[in-house]
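Shown next: run_1.txt, containing compact mmCIF, C-alpha atoms.
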# COMPACT_ATOMS: atom_id res chain seq x y z
CA MET A 52 5.21 -32.09 -3.58
CA LEU A 53 5.51 -28.33 -3.97
CA ASP A 54 9.10 -27.60 -4.98
CA LEU A 55 10.25 -24.00 -5.00
CA THR A 56 13.94 -24.88 -5.21
CA ALA A 57 13.72 -26.09 -8.81
CA ASP A 58 15.51 -23.62 -11.09
CA LEU A 59 16.19 -20.96 -8.48
CA SER A 60 17.33 -18.57 -11.21
CA ARG A 61 13.64 -18.10 -12.05
CA THR A 62 12.94 -15.39 -9.53
CA ALA A 63 9.82 -14.36 -11.40
CA ALA A 64 7.45 -15.65 -14.01
CA PRO A 65 9.04 -14.89 -17.41
CA SER A 66 6.54 -12.17 -18.30
CA ARG A 67 5.67 -10.94 -14.77
CA ASP A 68 2.03 -11.27 -15.79
CA TRP A 69 0.87 -10.05 -12.38
CA ASP A 70 1.75 -6.57 -13.63
CA ASN A 71 -0.83 -7.02 -16.39
CA PRO A 72 -4.23 -7.71 -14.77
CA ALA A 73 -5.87 -8.37 -18.14
CA LEU A 74 -3.58 -11.41 -18.50
CA TRP A 75 -3.18 -12.50 -14.87
CA TRP A 76 -6.76 -12.80 -13.61
CA PRO A 77 -8.49 -14.26 -16.71
CA ARG A 78 -5.78 -16.92 -16.75
CA LEU A 79 -6.73 -17.92 -13.20
CA SER A 80 -10.41 -17.93 -14.16
CA ASP A 81 -9.66 -20.28 -17.04
CA ALA A 82 -7.49 -22.56 -14.88
CA THR A 83 -10.21 -22.88 -12.21
CA SER A 84 -13.32 -22.82 -14.37
CA HIS A 85 -14.05 -26.45 -13.47
CA LEU A 86 -14.00 -25.69 -9.73
CA ALA A 87 -16.95 -24.48 -7.66
CA ALA A 88 -16.66 -21.14 -5.89
CA PRO A 89 -15.40 -20.03 -3.51
CA VAL A 90 -12.10 -21.08 -4.99
CA ALA A 91 -8.69 -20.11 -3.62
CA VAL A 92 -5.43 -20.35 -5.53
CA ILE A 93 -1.69 -20.03 -5.08
CA ASP A 94 0.33 -19.32 -8.21
CA VAL A 95 3.60 -21.22 -8.02
CA ASP A 96 5.68 -18.71 -10.04
CA ALA A 97 4.45 -15.77 -7.97
CA LEU A 98 5.17 -17.67 -4.75
CA ARG A 99 8.67 -18.50 -5.96
CA HIS A 100 9.27 -14.85 -6.89
CA ASN A 101 8.15 -13.65 -3.47
CA ALA A 102 10.26 -16.20 -1.62
CA MET A 103 13.39 -15.13 -3.50
CA ASP A 104 12.58 -11.44 -3.16
CA LEU A 105 12.34 -11.74 0.63
CA LEU A 106 15.81 -13.29 0.74
CA VAL A 107 17.28 -10.46 -1.32
CA ARG A 108 15.62 -7.86 0.88
CA ALA A 109 16.91 -9.53 4.07
CA GLY A 110 20.48 -8.93 2.92
CA GLY A 111 21.88 -12.34 3.78
CA ILE A 112 20.56 -13.05 7.26
CA PRO A 113 18.38 -16.17 7.64
CA ILE A 114 14.60 -15.80 7.54
CA ARG A 115 12.38 -17.60 10.02
CA VAL A 116 9.00 -18.29 8.42
CA ALA A 117 6.01 -16.83 10.29
CA SER A 118 3.48 -19.66 10.10
CA LYS A 119 0.44 -17.52 10.98
CA SER A 120 0.89 -15.75 7.65
CA VAL A 121 0.82 -19.03 5.70
CA ARG A 122 -1.13 -21.80 7.51
CA VAL A 123 -0.43 -24.31 4.75
CA ARG A 124 2.10 -27.00 5.65
CA ALA A 125 3.07 -27.71 2.05
CA VAL A 126 4.06 -24.06 1.59
CA LEU A 127 5.96 -23.96 4.88
CA ASP A 128 7.85 -27.12 3.93
CA ALA A 129 8.66 -25.87 0.43
CA VAL A 130 9.93 -22.49 1.60
CA LEU A 131 12.08 -24.06 4.31
CA ARG A 132 13.83 -26.17 1.69
CA ILE A 133 15.14 -22.97 0.08
CA PRO A 134 18.66 -22.03 1.26
CA GLY A 135 18.38 -18.90 3.40
CA TYR A 136 15.20 -19.89 5.23
CA ARG A 137 15.60 -21.44 8.66
CA GLY A 138 13.03 -22.38 11.27
CA ILE A 139 9.42 -21.49 11.99
CA LEU A 140 7.90 -18.70 14.06
CA SER A 141 4.63 -20.26 15.24
CA PHE A 142 1.61 -18.60 16.82
CA SER A 143 0.20 -21.11 19.33
CA LEU A 144 1.64 -23.92 21.42
CA ALA A 145 -0.80 -26.47 19.98
CA GLU A 146 0.40 -25.53 16.49
CA ALA A 147 4.05 -25.69 17.56
CA LEU A 148 3.59 -29.18 19.02
CA TRP A 149 1.96 -30.32 15.78
CA LEU A 150 4.66 -28.82 13.58
CA ALA A 151 7.39 -30.23 15.84
CA GLU A 152 6.45 -33.69 14.62
CA THR A 153 8.22 -32.86 11.35
CA HIS A 154 10.29 -29.71 12.08
CA ASP A 155 13.12 -29.28 14.57
CA ASP A 156 13.40 -25.48 15.01
CA ILE A 157 10.21 -23.78 16.14
CA VAL A 158 9.98 -20.55 18.10
CA LEU A 159 6.60 -19.79 19.63
CA GLY A 160 6.23 -16.09 18.86
CA TYR A 161 3.85 -15.31 21.73
CA PRO A 162 3.66 -16.28 25.41
CA THR A 163 1.42 -19.24 26.18
CA VAL A 164 -0.77 -20.22 29.15
CA ASP A 165 -1.97 -23.42 27.48
CA ARG A 166 -1.65 -25.81 30.42
CA ALA A 167 -2.58 -28.89 28.43
CA GLY A 168 -0.02 -28.00 25.79
CA LEU A 169 2.62 -27.29 28.41
CA GLU A 170 1.90 -30.65 30.04
CA ARG A 171 2.68 -32.32 26.73
CA LEU A 172 5.76 -30.22 26.07
CA VAL A 173 7.47 -30.61 29.43
CA HIS A 174 7.25 -34.41 29.30
CA ASP A 175 8.26 -34.83 25.64
CA GLU A 176 12.03 -34.88 25.19
CA VAL A 177 11.89 -34.39 21.40
CA ALA A 178 9.33 -31.56 21.46
CA ALA A 179 11.19 -29.79 24.28
CA SER A 180 14.38 -29.87 22.20
CA ARG A 181 12.60 -28.46 19.13
CA ILE A 182 10.32 -25.76 20.57
CA THR A 183 11.34 -22.46 22.14
CA LEU A 184 8.75 -20.67 24.27
CA MET A 185 8.43 -16.88 24.36
CA VAL A 186 8.44 -15.19 27.78
CA ASP A 187 8.47 -11.63 29.09
CA ASP A 188 7.25 -12.06 32.69
CA ILE A 189 8.23 -14.12 35.72
CA ALA A 190 4.61 -15.34 35.78
CA HIS A 191 5.32 -17.26 32.55
CA LEU A 192 8.11 -19.17 34.29
CA ASP A 193 5.98 -19.75 37.38
CA LEU A 194 3.19 -21.24 35.26
CA ILE A 195 5.56 -23.73 33.65
CA ASP A 196 6.92 -24.73 37.06
CA ALA A 197 3.34 -25.15 38.31
CA VAL A 198 2.63 -27.58 35.48
CA ALA A 199 5.72 -29.60 36.40
CA PRO A 200 8.61 -28.71 38.72
CA PRO A 201 12.10 -28.63 37.20
CA ASP A 202 13.16 -31.99 38.61
CA ARG A 203 10.15 -33.71 37.01
CA ARG A 204 10.31 -32.34 33.49
CA GLU A 205 12.50 -31.56 30.53
CA THR A 206 14.55 -28.37 30.46
CA ILE A 207 12.48 -25.78 28.63
CA ARG A 208 14.01 -23.55 25.97
CA VAL A 209 12.86 -19.92 26.28
CA ALA A 210 13.40 -16.65 24.44
CA ILE A 211 12.75 -13.15 25.74
CA ASP A 212 10.30 -10.89 23.92
CA ALA A 213 11.40 -7.24 24.27
CA ASP A 214 9.35 -4.23 23.23
CA ALA A 215 10.55 -2.75 19.92
CA SER A 216 8.06 0.11 19.81
CA TRP A 217 9.10 3.77 19.86
CA ARG A 218 8.31 5.86 22.92
CA SER A 219 8.21 9.35 21.54
CA ALA A 220 8.26 12.29 23.93
CA ALA A 221 5.84 14.16 21.65
CA LEU A 222 3.71 11.35 20.18
CA GLY A 223 3.69 8.77 22.96
CA HIS A 224 3.74 5.02 22.29
CA ILE A 225 4.24 4.24 18.59
CA GLY A 226 3.88 0.56 17.77
CA VAL A 227 2.02 -2.43 19.16
CA ARG A 228 1.55 -3.35 22.81
CA ARG A 229 3.64 -6.43 23.44
CA SER A 230 6.31 -6.93 26.06
CA PRO A 231 6.70 -4.87 29.27
CA LEU A 232 10.49 -5.15 28.84
CA PHE A 233 11.89 -2.09 27.09
CA THR A 234 15.37 -1.07 28.23
CA ALA A 235 18.60 -3.03 28.26
CA ALA A 236 18.39 -3.09 32.05
CA ASP A 237 14.86 -4.52 31.88
CA VAL A 238 15.88 -7.30 29.53
CA ALA A 239 19.17 -8.15 31.21
CA GLY A 240 17.51 -8.27 34.62
CA PHE A 241 14.88 -10.68 33.39
CA ALA A 242 17.54 -12.74 31.62
CA ARG A 243 19.46 -13.14 34.88
CA THR A 244 16.24 -14.28 36.57
CA ILE A 245 15.80 -16.96 33.92
CA THR A 246 19.39 -18.22 34.12
CA ARG A 247 19.18 -18.51 37.91
CA ARG A 248 16.10 -20.74 37.75
CA PRO A 249 16.56 -24.47 37.21
CA GLY A 250 14.68 -26.11 34.38
CA PHE A 251 15.02 -23.25 31.88
CA ARG A 252 17.53 -22.48 29.15
CA LEU A 253 17.64 -18.96 27.68
CA VAL A 254 18.39 -19.26 23.96
CA GLY A 255 17.06 -16.18 22.19
CA LEU A 256 15.66 -12.67 21.96
CA GLN A 257 12.78 -11.37 19.84
CA MET A 258 12.09 -7.71 19.03
CA TYR A 259 9.36 -7.06 16.44
CA GLU A 260 9.27 -3.51 15.08
CA ALA A 261 5.59 -3.42 14.07
CA GLN A 262 5.60 0.36 13.57
CA ILE A 263 8.08 -0.20 10.73
CA ALA A 264 7.23 -3.67 9.42
CA GLY A 265 3.47 -3.35 9.63
CA GLN A 266 2.87 0.19 8.47
CA GLY A 267 2.89 1.16 4.80
CA ASP A 268 4.73 4.36 3.89
CA ASN A 269 3.21 5.22 0.53
CA GLY A 270 -0.28 6.45 1.42
CA SER A 271 -1.85 9.88 1.89
CA ASP A 272 -0.12 10.27 5.26
CA ALA A 273 3.23 9.09 3.91
CA PRO A 274 5.34 12.12 4.98
CA VAL A 275 4.35 11.68 8.63
CA ILE A 276 4.76 7.90 8.52
CA ARG A 277 8.22 8.19 6.97
CA MET A 278 9.33 10.70 9.58
CA VAL A 279 8.10 8.54 12.44
CA GLN A 280 9.70 5.41 10.99
CA ALA A 281 13.03 7.12 10.40
CA ARG A 282 13.22 8.26 14.01
CA SER A 283 12.03 4.89 15.26
CA ARG A 284 14.68 3.07 13.23
CA ALA A 285 17.45 5.22 14.68
CA GLU A 286 16.23 4.73 18.25
CA LEU A 287 15.67 1.00 17.82
CA ARG A 288 19.06 0.35 16.23
CA ARG A 289 20.75 1.96 19.24
CA ARG A 290 18.57 0.31 21.89
CA ARG A 291 18.66 -3.14 20.30
CA ALA A 292 22.46 -2.99 20.25
CA GLU A 293 22.45 -2.08 23.95
CA ILE A 294 20.13 -4.99 24.72
CA ALA A 295 22.21 -7.41 22.68
CA ASP A 296 25.41 -6.30 24.42
CA ALA A 297 23.78 -6.65 27.84
CA LEU A 298 22.55 -10.17 27.05
CA THR A 299 25.96 -11.42 25.93
CA ASP A 300 27.12 -10.89 29.51
CA VAL A 301 24.28 -13.08 30.81
CA ALA A 302 23.94 -16.07 28.49
CA PRO A 303 25.13 -17.30 25.09
CA LEU A 304 22.15 -16.90 22.74
CA GLU A 305 21.35 -18.90 19.62
CA PHE A 306 19.39 -16.13 17.90
CA LEU A 307 18.37 -12.48 18.05
CA ASN A 308 15.23 -12.19 15.96
CA GLY A 309 13.67 -9.08 14.48
CA GLY A 310 11.64 -7.65 11.69
CA GLY A 311 8.81 -8.70 9.46
CA THR A 312 7.99 -8.63 5.76
CA GLY A 313 7.67 -4.85 5.75
CA SER A 314 11.02 -4.09 7.40
CA LEU A 315 13.46 -6.66 6.02
CA GLU A 316 15.89 -4.13 4.56
CA PHE A 317 16.22 -2.39 7.93
CA THR A 318 16.35 -5.62 9.93
CA GLY A 319 18.97 -7.15 7.66
CA SER A 320 21.20 -4.10 8.08
CA ASP A 321 21.01 -4.15 11.89
CA GLU A 322 24.20 -5.81 13.12
CA SER A 323 22.54 -6.81 16.39
CA VAL A 324 20.10 -9.14 14.62
CA THR A 325 21.03 -12.67 13.58
CA GLU A 326 17.76 -13.60 11.87
CA ALA A 327 14.57 -12.01 10.58
CA SER A 328 11.00 -13.27 10.51
CA ALA A 329 8.68 -12.99 7.53
CA GLY A 330 5.64 -14.75 6.16
CA SER A 331 3.04 -12.36 4.78
CA GLY A 332 5.24 -11.42 1.86
CA LEU A 333 5.18 -14.99 0.57
CA LEU A 334 1.50 -14.87 -0.42
CA GLY A 335 1.23 -11.09 -0.85
CA GLY A 336 -1.86 -9.64 0.83
CA HIS A 337 -3.00 -6.28 -0.50
CA LEU A 338 -1.90 -4.36 2.62
CA PHE A 339 1.59 -4.47 1.12
CA ASP A 340 0.45 -2.37 -1.81
CA GLY A 341 1.13 0.63 0.43
CA TYR A 342 4.90 0.21 0.72
CA ARG A 343 7.51 2.07 -1.32
CA SER A 344 10.45 -0.33 -1.08
CA PHE A 345 8.83 -3.50 -2.41
CA ARG A 346 5.69 -4.99 -3.90
CA PRO A 347 5.07 -8.73 -3.65
CA ALA A 348 3.32 -10.59 -6.43
CA PRO A 349 -0.30 -11.54 -5.65
CA ALA A 350 0.61 -15.19 -5.12
CA SER A 351 -2.69 -16.04 -3.43
CA ALA A 352 -6.21 -14.97 -4.32
CA PHE A 353 -9.77 -16.23 -4.08
CA ALA A 354 -12.87 -15.91 -6.23
CA PHE A 355 -16.64 -15.86 -5.82
CA ASP A 356 -19.33 -16.22 -8.44
CA VAL A 357 -21.99 -13.68 -9.35
CA VAL A 358 -25.43 -14.87 -8.22
CA ARG A 359 -27.53 -11.68 -8.54
CA ARG A 360 -27.88 -8.54 -10.65
CA PRO A 361 -29.94 -6.16 -8.47
CA ALA A 362 -29.16 -3.17 -10.76
CA ASP A 363 -27.40 -2.48 -14.06
CA ASP A 364 -24.24 -1.35 -12.30
CA ILE A 365 -24.34 -3.83 -9.40
CA ALA A 366 -23.35 -7.51 -9.38
CA THR A 367 -23.70 -9.56 -6.20
CA VAL A 368 -21.39 -12.48 -5.40
CA LEU A 369 -22.14 -15.25 -2.94
CA GLY A 370 -19.85 -14.77 0.06
CA GLY A 371 -17.02 -12.28 0.39
CA GLY A 372 -16.86 -11.25 4.03
CA TRP A 373 -13.38 -12.53 4.70
CA ILE A 374 -12.32 -9.56 6.81
CA ALA A 375 -8.77 -9.22 8.10
CA SER A 376 -7.92 -8.69 11.75
CA GLY A 377 -6.83 -5.30 13.01
CA PRO A 378 -8.63 -1.95 13.18
CA ALA A 379 -12.11 -1.94 11.63
CA LEU A 380 -11.12 0.05 8.56
CA GLY A 381 -11.81 -0.32 4.86
CA SER A 382 -8.24 -1.48 4.38
CA ARG A 383 -9.16 -4.72 6.16
CA GLN A 384 -11.77 -5.66 3.58
CA PRO A 385 -10.96 -8.10 0.78
CA ARG A 386 -10.28 -6.15 -2.40
CA ALA A 387 -12.10 -6.98 -5.63
CA VAL A 388 -9.35 -6.94 -8.26
CA TRP A 389 -10.94 -8.49 -11.37
CA PRO A 390 -12.81 -7.27 -13.28
CA GLN A 391 -11.20 -3.94 -12.49
CA GLY A 392 -13.32 -1.04 -11.28
CA LEU A 393 -15.53 -2.90 -8.80
CA ARG A 394 -16.07 -1.55 -5.30
CA THR A 395 -18.05 -2.63 -2.28
CA MET A 396 -21.02 -0.53 -1.21
CA PRO A 397 -20.55 1.61 1.91
CA ARG A 398 -23.67 0.39 3.74
CA GLU A 399 -23.00 -3.29 3.10
CA ALA A 400 -19.26 -3.74 2.46
CA ALA A 401 -18.08 -7.37 2.28
CA GLY A 402 -20.88 -9.55 3.56
CA GLU A 403 -20.94 -12.85 5.38
CA VAL A 404 -23.16 -14.44 2.73
CA GLN A 405 -23.35 -11.94 -0.11
CA THR A 406 -21.35 -8.97 -1.32
CA PRO A 407 -22.81 -6.48 -3.79
CA LEU A 408 -20.16 -4.88 -6.03
CA GLN A 409 -20.79 -1.63 -7.87
CA GLY A 410 -19.09 0.01 -10.82
CA ASP A 411 -19.07 0.12 -14.59
CA ALA A 412 -17.38 -3.29 -14.66
CA ALA A 413 -20.47 -4.77 -13.01
CA ARG A 414 -22.42 -4.05 -16.20
CA THR A 415 -20.27 -6.62 -18.01
CA LEU A 416 -20.88 -9.40 -15.49
CA ASP A 417 -23.52 -12.09 -15.91
CA ILE A 418 -24.87 -14.50 -13.35
CA GLY A 419 -22.29 -17.26 -12.99
CA ASP A 420 -19.29 -15.07 -13.85
CA ARG A 421 -16.28 -15.12 -11.54
CA VAL A 422 -14.89 -12.17 -9.51
CA TRP A 423 -11.38 -12.31 -8.07
CA PHE A 424 -10.39 -10.87 -4.68
CA ARG A 425 -7.19 -10.35 -2.74
CA HIS A 426 -7.22 -10.57 1.03
CA ALA A 427 -5.71 -7.78 3.10
CA LYS A 428 -3.45 -10.28 4.86
CA SER A 429 -1.92 -13.59 3.90
CA GLY A 430 -2.63 -16.31 6.43
CA GLU A 431 -6.18 -15.56 7.48
CA PRO A 432 -7.93 -16.80 4.30
CA ALA A 433 -6.69 -20.29 5.18
CA GLU A 434 -9.17 -20.31 8.07
CA ARG A 435 -11.99 -20.10 5.50
CA ILE A 436 -10.99 -22.83 3.08
CA ASP A 437 -9.91 -26.47 3.18
CA ALA A 438 -7.32 -26.18 0.41
CA TYR A 439 -5.55 -23.89 -2.01
CA HIS A 440 -5.39 -24.98 -5.64
CA LEU A 441 -1.83 -24.67 -6.89
CA VAL A 442 -1.70 -23.10 -10.34
CA ALA A 443 1.18 -23.24 -12.80
CA GLY A 444 0.56 -21.40 -16.04
CA THR A 445 -2.95 -22.31 -17.17
CA GLU A 446 -3.36 -25.50 -15.12
CA VAL A 447 -4.19 -26.54 -11.60
CA ILE A 448 -1.33 -28.89 -10.75
CA ASP A 449 -2.00 -29.71 -7.10
CA GLU A 450 -4.24 -29.15 -4.10
CA LEU A 451 -2.60 -27.93 -0.89
CA PRO A 452 -4.61 -28.48 2.31
CA THR A 453 -4.73 -25.61 4.78
CA TYR A 454 -4.54 -26.10 8.53
CA ARG A 455 -8.33 -26.14 8.44
CA GLY A 456 -8.26 -28.77 5.71
CA GLU A 457 -6.11 -30.93 7.97
CA GLY A 458 -8.67 -30.56 10.75
CA LYS A 459 -6.71 -27.98 12.74
CA ALA A 460 -8.02 -24.69 14.15
CA PHE A 461 -5.47 -23.17 16.51
CA LEU A 462 -6.67 -19.55 16.89
Entire entry expressed as structure tokens:
Amino acid sequence: MLDLTADLSRTAAPSRDWDNPALWWPRLSDATSHLAAPVAVIDVDALRHNAMDLLVRAGGIPIRVASKSVRVRAVLDAVLRIPGYRGILSFSLAEALWLAETHDDIVLGYPTVDRAGLERLVHDEVAASRITLMVDDIAHLDLIDAVAPPDRRETIRVAIDADASWRSAALGHIGVRRSPLFTAADVAGFARTITRRPGFRLVGLQMYEAQIAGQGDNGSDAPVIRMVQARSRAELRRRRAEIADALTDVAPLEFLNGGGTGSLEFTGSDESVTEASAGSGLLGGHLFDGYRSFRPAPASAFAFDVVRRPADDIATVLGGGWIASGPALGSRQPRAVWPQGLRTMPREAAGEVQTPLQGDAARTLDIGDRVWFRHAKSGEPAERIDAYHLVAGTEVIDELPTYRGEGKAFL
């Protein structure tokens, strides 16, 4: 069993070898040399470091683990055994029902219209007590009532999702498109609608500030990003306090959730918030290389083997096209990190079956050699593999099945 609570004073590997690529990546090659590619690993010391670092950055408020950014039950279980982590933020109702078999505090982070899943939930006393649904529209309530009227089902726990984006007079909508509820009046009005309807219990609020949590501030456009984020933080702190105050007059809430890996310092300092969510920072995708305030260790990585040498400065690996969701930009490609100095080719990029890599480092690679990559995100690689190999030092000490490895594919 993966145990991250052993010796909690070890918040990092003794030598922080991830800061020295010439030590970090060859060590992983040696540890996995007996395994066929593609091979994916999680380094236990780096994972422990990241888990502790997130707690420090959150400033003392509990962290709800975002399961979409992990998708490995052994990792979810291990992190939730660490004091300071509490509950799961899931991404689909089918996943939440599955996790509710062993966990008792699951918030579904997105509205659902899964009728089959709702049919199971509303007639399962245990699941209904463990799962909180996310709503932002009366239609969500109507759909649940259509599956089963209040007098023929369990009371359903719900939380309101409110828009945490910034509506700038000059720049327009800054952030992601989520809830239609924006003002305190919007949220309080919807809350009163929920409390007046039988069969529902309002227990929480979620406000995810994607324009802060999901946007790095250390790139070429950093001055503009920092200005926008500073103004957004000020506006959100004020508006979230107004929403929280308005909700206290409507219903006693169990949680007010905010933030993400990229905004934990801000979220933890917001007195309106009782808990934060984070997940990506546990495994450390390379998108977080663009943040000033923190840098997670590369706890997860995957490798492919060289199968072709089409030119002196090109080595081709089998596979590689594990592209991250989001805008179709180069930042969403997996990043070749070892040997250093490799780059994908502009007309091919990371391919479904093969990926040519160019650079002086390619001249040193032979057929059969291993190339290490980091994914842009954290959870999505788990949809490509059946298991992560858990590495401690120079040894593989365990194999951790992914959702896919357990026969699950939720989204």
Using only C-alpha atoms, which of the listed residues (A:Leu408, A:Val116, A:Ala221, A:Ala354) sits closest to Gly430 (chain A)? A:Val116
Counting all atoms listed in the file, what is within 7 Å of region 315-327 of chain A, bar same-chain residues fewer than 6 positions away, as a ChimeraX atom specification? /A:108-110,112-115,288,291-292,295,306-309
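The nearest approach to Thr453 (chain A) among the residues A:Thr56, A:Ser118, A:Thr234, A:Ser216, with all atoms listed in the file taken into account, belongs to A:Ser118.
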I'd like the interatomic distance between CA of Val238 (chain A) and CA of Ala302 (chain A), to a tenth of an Å.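 So the two atoms, CA of Val238 (chain A) and CA of Ala302 (chain A), lie 12.0 Å apart.
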Rank nothing, just name the residue among A:Val90, A:Val447, A:Leu79, A:Val368 nearest to Arg435 (chain A), using all atoms listed in the file.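 Comparing A:Val90, A:Val447, A:Leu79, A:Val368 against Arg435 (chain A), the winner is A:Val90.
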To one decimal place, how far is CA of Val186 (chain A) from CA of Leu144 (chain A) in Å?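 The value is 12.8 Å.
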What gap, in Å, lies between CA of Leu393 (chain A) and CA of Thr415 (chain A)? 11.0 Å
Mind checking which residues fall within 10 Å of Thr83 (chain A), counting all atoms listed in the file, ignoring those fewer than 4 positions away in the same chain, and posting them as a list in words?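 Neighbouring residues, sequence-local ones excluded: Pro77, Arg78, Leu79, Ala87, Ala88, Val90, Ala91, Val92, Ala354, Arg421, His440, Val442, Thr445, Glu446 and Val447 of chain A.
Proximity ranking of A:Gly168, A:Pro274, A:Pro407, A:Gly250 relative to Asp363 (chain A) places A:Pro407 first, based on all atoms listed in the file.
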Counting all atoms listed in the file, what is within 8 Å of Gln405 (chain A), bar same-chain residues fewer than 6 positions away, as a list in words? Thr367, Val368, Leu369, Gly370, Gly371 and Gly372 of chain A
May I ask which of the residues A:Arg218, A:Arg252, A:Arg229, A:Arg166 is the closest one to Ser180 (chain A), counting all atoms listed in the file? A:Arg252
